[in-house]
>>> print(open('model.json').read())   # JSON, C-alpha atoms
[["chain", "number", "residue", "atom", "x", "y", "z"],
["A", 238, "MET", "CA", -134.34, -42.57, -97.54],
["A", 239, "SER", "CA", -135.99, -45.86, -98.36],
["A", 240, "ALA", "CA", -136.21, -48.43, -95.58],
["A", 241, "ASN", "CA", -134.57, -50.88, -97.99],
["A", 242, "ALA", "CA", -131.63, -48.63, -98.78],
["A", 243, "TRP", "CA", -129.24, -50.88, -96.87],
["A", 244, "ASN", "CA", -130.12, -53.83, -99.05],
["A", 245, "GLU", "CA", -127.98, -56.92, -99.47],
["A", 246, "GLU", "CA", -126.50, -55.73, -102.72],
["A", 247, "ARG", "CA", -125.39, -52.38, -101.26],
["A", 248, "LEU", "CA", -123.92, -54.00, -98.16],
["A", 249, "GLY", "CA", -122.04, -56.49, -100.31],
["A", 250, "GLU", "CA", -120.72, -53.68, -102.47],
["A", 251, "LEU", "CA", -119.42, -51.78, -99.43],
["A", 252, "LEU", "CA", -117.91, -54.88, -97.84],
["A", 253, "ARG", "CA", -116.04, -55.63, -101.07],
["A", 254, "LEU", "CA", -114.36, -52.22, -100.99],
["A", 255, "LEU", "CA", -112.21, -53.00, -97.97],
["A", 256, "ARG", "CA", -110.14, -55.97, -99.02],
["A", 257, "PRO", "CA", -107.30, -57.21, -96.83],
["A", 258, "ALA", "CA", -103.98, -55.45, -97.21],
["A", 259, "PRO", "CA", -101.11, -57.80, -98.06],
["A", 260, "GLU", "CA", -100.30, -59.86, -94.99],
["A", 261, "GLY", "CA", -96.61, -58.92, -95.03],
["A", 262, "TRP", "CA", -97.44, -55.21, -94.89],
["A", 263, "VAL", "CA", -99.76, -55.69, -91.94],
["A", 264, "ASP", "CA", -97.25, -57.87, -90.09],
["A", 265, "ALA", "CA", -94.47, -55.35, -90.64],
["A", 266, "ALA", "CA", -96.62, -52.50, -89.32],
["A", 267, "ALA", "CA", -97.79, -54.58, -86.37],
["A", 268, "GLN", "CA", -94.18, -55.29, -85.41],
["A", 269, "LEU", "CA", -93.23, -51.62, -85.27],
["A", 270, "PRO", "CA", -92.93, -51.41, -81.45],
["A", 271, "ARG", "CA", -90.60, -54.39, -81.34],
["A", 272, "LEU", "CA", -88.69, -53.12, -84.33],
["A", 273, "ARG", "CA", -88.25, -49.70, -82.75],
["A", 274, "ALA", "CA", -86.84, -51.36, -79.64],
["A", 275, "VAL", "CA", -84.35, -53.37, -81.69],
["A", 276, "LEU", "CA", -83.29, -50.32, -83.69],
["A", 277, "ASP", "CA", -82.93, -48.22, -80.52],
["A", 278, "ASP", "CA", -80.72, -50.92, -79.05],
["A", 279, "LEU", "CA", -78.57, -51.20, -82.19],
["A", 280, "VAL", "CA", -78.14, -47.44, -82.42],
["A", 281, "ALA", "CA", -77.20, -47.19, -78.73],
["A", 282, "ARG", "CA", -74.62, -49.95, -79.14],
["A", 283, "ALA", "CA", -73.25, -48.32, -82.28],
["A", 284, "GLU", "CA", -72.84, -45.04, -80.43],
["A", 285, "SER", "CA", -70.90, -46.59, -77.61],
["A", 286, "ASP", "CA", -68.84, -49.17, -79.50],
["A", 287, "ALA", "CA", -66.88, -48.10, -82.58],
["A", 288, "ALA", "CA", -66.09, -51.66, -83.65],
["A", 289, "PHE", "CA", -69.75, -52.61, -83.46],
["A", 290, "ARG", "CA", -70.66, -49.50, -85.42],
["A", 291, "ALA", "CA", -68.16, -50.40, -88.16],
["A", 292, "ALA", "CA", -69.55, -53.91, -88.42],
["A", 293, "LEU", "CA", -73.07, -52.57, -88.45],
["A", 294, "VAL", "CA", -72.39, -50.06, -91.19],
["A", 295, "ALA", "CA", -70.54, -52.70, -93.22],
["A", 296, "ASP", "CA", -73.51, -55.03, -93.30],
["A", 297, "LEU", "CA", -76.82, -53.71, -92.02],
["A", 298, "GLU", "CA", -78.80, -56.63, -93.34],
["A", 299, "ALA", "CA", -76.68, -59.27, -91.62],
["A", 300, "THR", "CA", -76.83, -57.36, -88.32],
["A", 301, "LEU", "CA", -80.62, -57.12, -88.47],
["A", 302, "ALA", "CA", -80.91, -60.81, -89.32],
["A", 303, "ARG", "CA", -78.70, -61.66, -86.32],
["A", 304, "GLU", "CA", -81.07, -59.63, -84.14],
["A", 305, "GLY", "CA", -84.00, -61.67, -85.44],
["A", 306, "VAL", "CA", -85.42, -58.92, -87.64],
["A", 307, "GLU", "CA", -86.18, -59.63, -91.27],
["A", 308, "PRO", "CA", -84.07, -57.09, -93.18],
["A", 309, "THR", "CA", -86.73, -55.72, -95.50],
["A", 310, "PRO", "CA", -85.66, -52.72, -97.61],
["A", 311, "ALA", "CA", -87.81, -50.39, -95.48],
["A", 312, "ILE", "CA", -86.21, -51.58, -92.23],
["A", 313, "VAL", "CA", -82.69, -51.41, -93.64],
["A", 314, "ARG", "CA", -83.45, -47.88, -94.82],
["A", 315, "ALA", "CA", -84.78, -46.92, -91.38],
["A", 316, "LEU", "CA", -81.66, -48.24, -89.67],
["A", 317, "ALA", "CA", -79.37, -46.56, -92.20],
["A", 318, "LEU", "CA", -81.05, -43.23, -91.47],
["A", 319, "ARG", "CA", -80.67, -43.69, -87.72],
["A", 320, "ILE", "CA", -76.94, -44.45, -87.79],
["A", 321, "ARG", "CA", -76.05, -41.88, -90.39],
["B", 134, "MET", "CA", -108.16, -60.36, -83.68],
["B", 135, "THR", "CA", -111.02, -57.96, -83.19],
["B", 136, "SER", "CA", -111.98, -56.81, -79.73],
["B", 137, "HIS", "CA", -114.80, -54.54, -78.82],
["B", 138, "LEU", "CA", -112.50, -51.80, -77.59],
["B", 139, "THR", "CA", -113.45, -48.38, -78.87],
["B", 140, "ASP", "CA", -110.94, -46.50, -80.94],
["B", 141, "ALA", "CA", -110.22, -44.25, -77.95],
["B", 142, "GLU", "CA", -109.61, -47.22, -75.64],
["B", 143, "LEU", "CA", -107.36, -48.82, -78.21],
["B", 144, "VAL", "CA", -105.32, -45.65, -78.65],
["B", 145, "ALA", "CA", -104.95, -45.28, -74.89],
["B", 146, "ARG", "CA", -103.60, -48.83, -74.64],
["B", 147, "CYS", "CA", -101.21, -48.26, -77.52],
["B", 148, "ARG", "CA", -99.92, -45.16, -75.82],
["B", 149, "ALA", "CA", -99.33, -47.18, -72.67],
["B", 150, "GLY", "CA", -97.05, -49.51, -74.65],
["B", 151, "ASP", "CA", -99.45, -52.42, -75.17],
["B", 152, "GLU", "CA", -98.04, -54.17, -78.26],
["B", 153, "GLN", "CA", -101.14, -56.32, -78.69],
["B", 154, "ALA", "CA", -103.27, -53.20, -78.81],
["B", 155, "TRP", "CA", -100.96, -51.73, -81.43],
["B", 156, "ALA", "CA", -101.29, -54.87, -83.56],
["B", 157, "GLU", "CA", -105.06, -54.55, -83.25],
["B", 158, "LEU", "CA", -104.99, -50.90, -84.25],
["B", 159, "VAL", "CA", -103.00, -51.81, -87.35],
["B", 160, "GLU", "CA", -105.44, -54.62, -88.13],
["B", 161, "ARG", "CA", -108.43, -52.32, -87.60],
["B", 162, "PHE", "CA", -107.24, -49.66, -90.04],
["B", 163, "SER", "CA", -105.06, -51.65, -92.45],
["B", 164, "ARG", "CA", -107.77, -52.26, -95.04],
["B", 165, "TYR", "CA", -108.87, -48.64, -94.92],
["B", 166, "VAL", "CA", -105.35, -47.27, -95.45],
["B", 167, "TYR", "CA", -104.71, -49.80, -98.20],
["B", 168, "ALA", "CA", -107.98, -48.93, -99.95],
["B", 169, "ILE", "CA", -107.33, -45.18, -99.81],
["B", 170, "ALA", "CA", -103.92, -45.67, -101.42],
["B", 171, "ILE", "CA", -104.98, -48.18, -104.06],
["B", 172, "GLN", "CA", -108.56, -47.21, -104.86],
["B", 173, "GLY", "CA", -108.68, -43.57, -103.79],
["B", 174, "PHE", "CA", -105.37, -42.50, -105.29],
["B", 175, "ARG", "CA", -104.60, -45.41, -107.63],
["B", 176, "LEU", "CA", -101.03, -45.76, -106.38],
["B", 177, "SER", "CA", -98.92, -48.65, -107.60],
["B", 178, "GLU", "CA", -98.43, -51.51, -105.15],
["B", 179, "THR", "CA", -94.88, -50.34, -104.47],
["B", 180, "ASP", "CA", -95.91, -46.77, -103.72],
["B", 181, "ALA", "CA", -98.91, -47.97, -101.74],
["B", 182, "GLU", "CA", -96.64, -50.10, -99.57],
["B", 183, "ASP", "CA", -94.39, -47.12, -98.86],
["B", 184, "VAL", "CA", -97.42, -45.03, -97.90],
["B", 185, "PHE", "CA", -98.91, -47.84, -95.83],
["B", 186, "GLN", "CA", -95.74, -48.31, -93.75],
["B", 187, "GLU", "CA", -95.23, -44.57, -93.38],
["B", 188, "VAL", "CA", -98.80, -44.06, -92.17],
["B", 189, "PHE", "CA", -98.38, -46.56, -89.38],
["B", 190, "ALA", "CA", -94.84, -45.42, -88.53],
["B", 191, "ARG", "CA", -96.07, -41.84, -88.12],
["B", 192, "THR", "CA", -99.16, -42.93, -86.26],
["B", 193, "TYR", "CA", -96.98, -44.86, -83.82],
["B", 194, "GLU", "CA", -94.62, -41.93, -83.34],
["B", 195, "ARG", "CA", -97.32, -39.32, -82.96],
["B", 196, "LEU", "CA", -99.97, -41.02, -80.85],
["B", 197, "ASP", "CA", -98.93, -38.78, -77.97],
["B", 198, "LYS", "CA", -99.86, -35.74, -80.01],
["B", 199, "LEU", "CA", -103.37, -36.89, -80.82],
["B", 200, "ARG", "CA", -105.69, -34.44, -79.08],
["B", 201, "ASP", "CA", -108.78, -36.61, -79.17],
["B", 202, "ASP", "CA", -108.24, -40.37, -78.98],
["B", 203, "SER", "CA", -111.62, -41.06, -80.55],
["B", 204, "ALA", "CA", -110.57, -39.07, -83.62],
["B", 205, "VAL", "CA", -107.88, -41.53, -84.65],
["B", 206, "LYS", "CA", -109.86, -42.65, -87.69],
["B", 207, "PRO", "CA", -110.13, -39.25, -89.43],
["B", 208, "TRP", "CA", -106.58, -38.54, -88.34],
["B", 209, "ILE", "CA", -105.29, -41.69, -90.06],
["B", 210, "ALA", "CA", -107.45, -40.95, -93.10],
["B", 211, "GLN", "CA", -106.01, -37.45, -93.44],
["B", 212, "LEU", "CA", -102.46, -38.67, -92.90],
["B", 213, "THR", "CA", -102.94, -41.32, -95.59],
["B", 214, "ARG", "CA", -104.36, -38.82, -98.06],
["B", 215, "ASN", "CA", -101.49, -36.40, -97.44],
["B", 216, "LEU", "CA", -98.88, -39.10, -97.91],
["B", 217, "CYS", "CA", -100.57, -40.33, -101.09],
["B", 218, "ILE", "CA", -100.52, -36.81, -102.50],
["B", 219, "ASP", "CA", -96.83, -36.44, -101.55],
["B", 220, "LYS", "CA", -96.11, -39.73, -103.30],
["B", 221, "LEU", "CA", -97.94, -38.63, -106.44],
["B", 222, "ARG", "CA", -96.05, -35.31, -106.43],
["B", 223, "ASP", "CA", -92.76, -37.16, -106.12],
["B", 224, "ARG", "CA", -93.77, -39.35, -109.05],
["B", 225, "ALA", "CA", -94.81, -36.32, -111.09],
["B", 226, "ARG", "CA", -91.35, -34.81, -110.53],
["B", 227, "VAL", "CA", -89.69, -37.99, -111.75],
["B", 228, "GLU", "CA", -92.22, -38.69, -114.51],
["B", 229, "PRO", "CA", -93.57, -35.24, -115.45],
["B", 230, "THR", "CA", -96.22, -36.62, -117.78],
["B", 231, "GLU", "CA", -98.13, -38.05, -114.84],
["B", 232, "GLU", "CA", -100.86, -35.83, -113.46],
["B", 233, "VAL", "CA", -101.25, -35.45, -109.72],
["B", 234, "ASP", "CA", -104.71, -36.68, -108.83],
["B", 235, "GLY", "CA", -105.84, -35.47, -105.43],
["B", 236, "GLY", "CA", -108.02, -38.52, -104.95],
["B", 237, "LYS", "CA", -111.65, -38.80, -105.90],
["B", 238, "ASP", "CA", -113.85, -37.39, -103.15],
["B", 239, "GLU", "CA", -116.62, -39.78, -104.11],
["B", 240, "THR", "CA", -114.36, -42.81, -103.76],
["B", 241, "LEU", "CA", -112.95, -41.57, -100.46],
["B", 242, "ALA", "CA", -116.48, -41.03, -99.13],
["B", 243, "GLU", "CA", -117.41, -44.57, -100.18],
["B", 244, "LEU", "CA", -114.37, -45.91, -98.32],
["B", 245, "ASP", "CA", -115.41, -44.03, -95.18],
["B", 246, "LEU", "CA", -118.81, -45.60, -95.44],
["B", 247, "ALA", "CA", -117.29, -49.01, -96.09],
["B", 248, "LEU", "CA", -115.28, -48.65, -92.88],
["B", 249, "THR", "CA", -118.47, -47.86, -90.98],
["B", 250, "VAL", "CA", -120.01, -51.05, -92.35],
["B", 251, "ARG", "CA", -116.92, -52.99, -91.43],
["B", 252, "GLU", "CA", -117.06, -51.66, -87.86],
["B", 253, "ALA", "CA", -120.68, -52.77, -87.69],
["B", 254, "LEU", "CA", -119.63, -56.19, -88.97],
["B", 255, "ALA", "CA", -117.06, -56.47, -86.18],
["B", 256, "ALA", "CA", -119.82, -55.63, -83.70],
["B", 257, "VAL", "CA", -122.08, -58.35, -85.16],
["B", 258, "GLY", "CA", -119.29, -60.79, -84.32],
["B", 259, "GLU", "CA", -118.72, -64.43, -85.18],
["B", 260, "PRO", "CA", -119.69, -66.45, -87.10],
["B", 261, "CYS", "CA", -121.18, -63.75, -89.33],
["B", 262, "SER", "CA", -118.10, -61.54, -89.51],
["B", 263, "ASP", "CA", -115.91, -64.43, -90.66],
["B", 264, "LEU", "CA", -118.49, -65.73, -93.11],
["B", 265, "LEU", "CA", -119.18, -62.38, -94.76],
["B", 266, "ASP", "CA", -115.50, -61.49, -94.82],
["B", 267, "ARG", "CA", -114.61, -64.73, -96.58],
["B", 268, "PHE", "CA", -117.39, -64.34, -99.13],
["B", 269, "PHE", "CA", -117.22, -60.64, -99.90],
["B", 270, "THR", "CA", -113.62, -59.59, -99.38],
["B", 271, "ARG", "CA", -111.61, -62.77, -99.83],
["B", 272, "ASP", "CA", -113.71, -64.04, -102.73],
["B", 273, "GLU", "CA", -113.83, -67.56, -101.32],
["B", 274, "SER", "CA", -116.19, -69.96, -103.07],
["B", 275, "TYR", "CA", -119.06, -71.70, -101.28],
["B", 276, "LYS", "CA", -116.98, -74.88, -101.50],
["B", 277, "THR", "CA", -113.97, -73.30, -99.78],
["B", 278, "ILE", "CA", -116.11, -71.62, -97.14],
["B", 279, "SER", "CA", -117.88, -74.90, -96.53],
["B", 280, "GLU", "CA", -114.57, -76.70, -96.00],
["B", 281, "ARG", "CA", -112.99, -74.01, -93.84],
["B", 282, "LEU", "CA", -115.99, -73.36, -91.61],
["B", 283, "GLU", "CA", -117.25, -76.95, -91.69],
["B", 284, "ILE", "CA", -120.77, -76.06, -92.70],
["B", 285, "PRO", "CA", -122.87, -77.70, -95.44],
["B", 286, "PRO", "CA", -122.42, -75.90, -98.78],
["B", 287, "GLY", "CA", -126.17, -75.88, -99.37],
["B", 288, "THR", "CA", -126.73, -73.64, -96.35],
["B", 289, "ILE", "CA", -124.13, -70.99, -97.11],
["B", 290, "ALA", "CA", -126.29, -68.73, -99.26],
["B", 291, "SER", "CA", -129.02, -68.60, -96.63],
["B", 292, "ARG", "CA", -126.47, -68.02, -93.86],
["B", 293, "ILE", "CA", -124.94, -65.14, -95.81],
["B", 294, "SER", "CA", -128.38, -63.68, -96.27],
["B", 295, "ARG", "CA", -129.20, -63.98, -92.56],
["B", 296, "CYS", "CA", -125.88, -62.42, -91.63],
["B", 297, "LEU", "CA", -126.54, -59.49, -93.95],
["B", 298, "VAL", "CA", -129.86, -58.95, -92.21],
["B", 299, "LYS", "CA", -128.03, -58.90, -88.87],
["B", 300, "LEU", "CA", -125.47, -56.50, -90.26],
["B", 301, "ARG", "CA", -128.18, -54.22, -91.53],
["B", 302, "GLY", "CA", -129.84, -54.29, -88.12],
["B", 303, "GLN", "CA", -126.56, -53.40, -86.48],
["B", 304, "ILE", "CA", -125.99, -50.46, -88.80],
["B", 305, "GLU", "CA", -129.51, -49.13, -88.50],
["B", 306, "GLY", "CA", -129.55, -49.62, -84.78],
["B", 307, "ARG", "CA", -126.36, -47.82, -84.03],
["B", 308, "ASN", "CA", -126.14, -45.38, -86.87],
["B", 309, "ASP", "CA", -129.60, -44.20, -87.78],
["B", 310, "ASP", "CA", -128.40, -40.94, -89.20],
["B", 311, "VAL", "CA", -126.04, -42.34, -91.83],
["B", 312, "GLY", "CA", -127.53, -43.29, -95.16],
["B", 313, "PRO", "CA", -126.01, -45.93, -97.42],
["B", 314, "SER", "CA", -124.70, -43.27, -99.72],
["B", 315, "GLY", "CA", -122.92, -41.60, -96.86],
["B", 316, "VAL", "CA", -125.40, -38.75, -96.71],
["B", 317, "ARG", "CA", -126.32, -37.66, -93.22]]
>>> encode(input="model.json", output="structure tokens")
Amino acid sequence: MSANAWNEERLGELLRLLRPAPEGWVDAAAQLPRLRAVLDDLVARAESDAAFRAALVADLEATLAREGVEPTPAIVRALALRIR
Amino acid sequence: MTSHLTDAELVARCRAGDEQAWAELVERFSRYVYAIAIQGFRLSETDAEDVFQEVFARTYERLDKLRDDSAVKPWIAQLTRNLCIDKLRDRARVEPTEEVDGGKDETLAELDLALTVREALAAVGEPCSDLLDRFFTRDESYKTISERLEIPPGTIASRISRCLVKLRGQIEGRNDDVGPSGVR
């Protein structure tokens, strides 16, 4: 291999390949631990309180928003699966 | 948000419930996962987002099952590839005209190499990592870089060049056996 194989052009080319993922995606993934904790709490409350469960099922998005979680479609889907 | 923790150290902290470490792990591999989905498998943005979130959800759930903490990178790569293929198969069922492309090995190898370069860039540290990132991956102009980093626009080209020399030194110093085409 040539000593100049890692030239500026090649390094630039490789750097350009890994562009930032959309910020919202990264933020959502980074918040997973907190999100899991919120979902665990909601599911536990739903299991022990029928009225809460009914309200939760009736409007998942509003419940998540009240808990301070942005109700993205993926999160709403995850919660729906958990309380099914 | 880049520390000098090794992958294994980062995984160990994530497993211990360190949320900051988890955010760093996501940051460290987010571009790689995104690139595999978009460039390696040419998924749509919508499908790529599903894959992206699923990769990190499964990684979070299964960290306990990882046998070798230092192998998190190939593990995430394989998981991403598998989920991309699943997504393409789902699409092919819905839209049968679409062929399932298993991902181009060449492209995936280039992305692996790009991640190695990116790791070297993190090791080079500031201000080079920020400067090169802005120029090469965020496509910022000299004018924008000059304003954001408060450096004279006339010096940016030479700074980029010096930083690339440092980056090259970092790669050659720590990774002598990897060629720029990924050939060992």
>>> interface_residues(input="model.json", of="chain B", to="chain A", cutoff="8 Å", atoms="only C-alpha atoms", output="PyMOL selection string")
chain B and resi 152+155-157+159-160+163-165+167-168+182+185-186+189-190+193+243-244+246-248+250-251+266+269-271+294+297-298+301+312-313
>>> write_last_selection(input="model.json", atoms="C-alpha atoms", output="tab-separated table (two decimals), in the coordinates of the input")
chain	number	residue	atom	x	y	z
B	152	GLU	CA	-98.04	-54.17	-78.26
B	155	TRP	CA	-100.96	-51.73	-81.43
B	156	ALA	CA	-101.29	-54.87	-83.56
B	157	GLU	CA	-105.06	-54.55	-83.25
B	159	VAL	CA	-103.00	-51.81	-87.35
B	160	GLU	CA	-105.44	-54.62	-88.13
B	163	SER	CA	-105.06	-51.65	-92.45
B	164	ARG	CA	-107.77	-52.26	-95.04
B	165	TYR	CA	-108.87	-48.64	-94.92
B	167	TYR	CA	-104.71	-49.80	-98.20
B	168	ALA	CA	-107.98	-48.93	-99.95
B	182	GLU	CA	-96.64	-50.10	-99.57
B	185	PHE	CA	-98.91	-47.84	-95.83
B	186	GLN	CA	-95.74	-48.31	-93.75
B	189	PHE	CA	-98.38	-46.56	-89.38
B	190	ALA	CA	-94.84	-45.42	-88.53
B	193	TYR	CA	-96.98	-44.86	-83.82
B	243	GLU	CA	-117.41	-44.57	-100.18
B	244	LEU	CA	-114.37	-45.91	-98.32
B	246	LEU	CA	-118.81	-45.60	-95.44
B	247	ALA	CA	-117.29	-49.01	-96.09
B	248	LEU	CA	-115.28	-48.65	-92.88
B	250	VAL	CA	-120.01	-51.05	-92.35
B	251	ARG	CA	-116.92	-52.99	-91.43
B	266	ASP	CA	-115.50	-61.49	-94.82
B	269	PHE	CA	-117.22	-60.64	-99.90
B	270	THR	CA	-113.62	-59.59	-99.38
B	271	ARG	CA	-111.61	-62.77	-99.83
B	294	SER	CA	-128.38	-63.68	-96.27
B	297	LEU	CA	-126.54	-59.49	-93.95
B	298	VAL	CA	-129.86	-58.95	-92.21
B	301	ARG	CA	-128.18	-54.22	-91.53
B	312	GLY	CA	-127.53	-43.29	-95.16
B	313	PRO	CA	-126.01	-45.93	-97.42
>>> residues_around(input="model.json", residues="Trp208 of chain B", least_positions_apart="4", cutoff="9 Å", atoms="all atoms listed in the file", output="ChimeraX atom specification")
/B:192,199,204,212-213
>>> write_last_selection(input="model.json", atoms="C-alpha atoms", output="PDB file, in the coordinates of the input")
ATOM      1  CA  THR B 192     -99.160 -42.930 -86.260  1.00  0.00           C
ATOM      2  CA  LEU B 199    -103.370 -36.890 -80.820  1.00  0.00           C
ATOM      3  CA  ALA B 204    -110.570 -39.070 -83.620  1.00  0.00           C
ATOM      4  CA  LEU B 212    -102.460 -38.670 -92.900  1.00  0.00           C
ATOM      5  CA  THR B 213    -102.940 -41.320 -95.590  1.00  0.00           C
TER       6      THR B 213
END
>>> closest_residue(input="model.json", among="A:Ala274, A:Leu279, A:Ile320, A:Ile312", to="Glu298 of chain A", atoms="all atoms listed in the file")
A:Ile312
>>> atom_distance(input="model.json", atom1="atom CA of Leu158 of chain B", atom2="atom CA of Leu143 of chain B")
6.8 Å
>>> residues_around(input="model.json", residues="segment 305-309 of chain A", least_positions_apart="6", cutoff="9 Å", atoms="only C-alpha atoms", output="list in words")
Leu272, Val275, Leu297, Glu298 and Ala299 of chain A
>>> axis_aligned_box(input="model.json", around="segment 293-305 of chain A", padding_each_side="6 Å", output="JSON")
{"center_x": -77.3, "center_y": -55.9, "center_z": -88.7, "size_x": 25.5, "size_y": 23.6, "size_z": 21.2}
>>> atom_distance(input="model.json", atom1="atom CA of Asp201 of chain B", atom2="atom CA of Thr240 of chain B")
26.0 Å
